[in-house]
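Accompanying notes for the structure given below.
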Amino acid sequence: MTRVLVAYATKFGSTREVAAAIARELITSDLDADFAEASGSLVPEDYDAFVIGSPLYGGTWISSAGMFVAIMSERMDGKPVALFSIGTMLLKSSERGRGEHTSFIDRLREVAPSLNVVADDVFAGYFDRANLPWYLRLIDRFSPTPQGDHREWSKIREWTKSLVPIFTAR
Ligand SMILES: Cc1cc2nc3c(=O)[nH]c(=O)nc-3n(C[C@H](O)[C@H](O)[C@H](O)COP(=O)(O)O)c2cc1C
């Protein structure tokens, strides 16, 4: 059975729930999936494929997720890797939201050239204005991000389903 590691970073928990939903969907599709916070204690050799994700903060991933990819990329040994970002910039400008994701993934590929990226996407997250530091709350007033849970579970499930044939191809 294909073993998949879903590794994530999070500050406030919304990306953990996305990672859990991805792992559940993979299991429903008869793959063996674990989900865990990205850390040096994970063992890439135990898996056949990887889904790795992080929320965007200030246009980049949380460093633990980026470091995990950079440090573990050689040990992923050319196995398929799918990358996802979570963010709310998308809600204000799809172009800017996608642009932040794409430019981060491009940088990741530069620092980890052996990474076999087979898919990547960005999904809307959960926005609570109270989590912004005061100076960003001031900036947000000029072009407010819609408050609340914007995660589109059906989109996330469809993306996960599209990974199954890629992960199981021999
Ligand atoms: C301080 C702060 C900065 C953020 N910066 C970005 C950003 O640059 N781009 C983006 O798309 N979303 C941004 N967001 C939205 C978060 O990515 C979104 O709320 C996400 O769901 C948080 O994930 P988490 O709950 O797993 O930490 C920001 C949110 C906060 C609170």
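Chains: A, B, ... in order of the structure tokens. Residues: from 1 per chain. Ligands: from 1, in order shown.
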
For ligand 1, collect every residue having any atom at a distance of at most 6 Å from a ligand atom (counting only C-alpha atoms and all ligand atoms); output as a VMD selection string. chain A and resid 10 to 15 55 to 59 86 to 90 97 125 to 127 131 to 132

If you run DSSP over the backbone, which residues in stretch 4-162 of chain A end up strand (DSSP E or B)? Put them as a ChimeraX atom specification. /A:4-8,32-37,49-57,60-61,80-87,116-124,126-127,148-149

List the neighbours of A:Ser63 out to 12 Å using only C-alpha atoms; skip same-chain residues closer than 2 positions along the sequence, and give me the result as a VMD selection string. chain A and resid 8 to 11 38 to 39 53 to 61 65 to 71 104 108

Extract the full set of helix (DSSP H, G or I) residues from chain A according to DSSP on the backbone, and format it as an NGL selection string. :A and (14-28 or 44-46 or 63-72 or 74-76 or 89-92 or 94-111 or 129-131 or 134-142 or 153-168)

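Distance check against A:Leu91 using only C-alpha atoms: of A:Ala49, A:Ile22, A:Leu136, A:Ala124, the minimum falls on A:Ala124.
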
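Restricting the calculation to only C-alpha atoms, the smallest distance between A:Asp121 and any of A:Arg75, A:Arg109, A:His101, A:His150 is found for A:His101.
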
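Taking only C-alpha atoms into account, A:Lys155 lies nearest to A:Phe123 out of the set A:Arg141, A:Ala82, A:Phe123, A:Arg98.
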
Just to confirm, what's the straight-line distance from atom CA of A:Ile105 to atom CA of A:Asp120 in Å (one decimal)? 8.2 Å
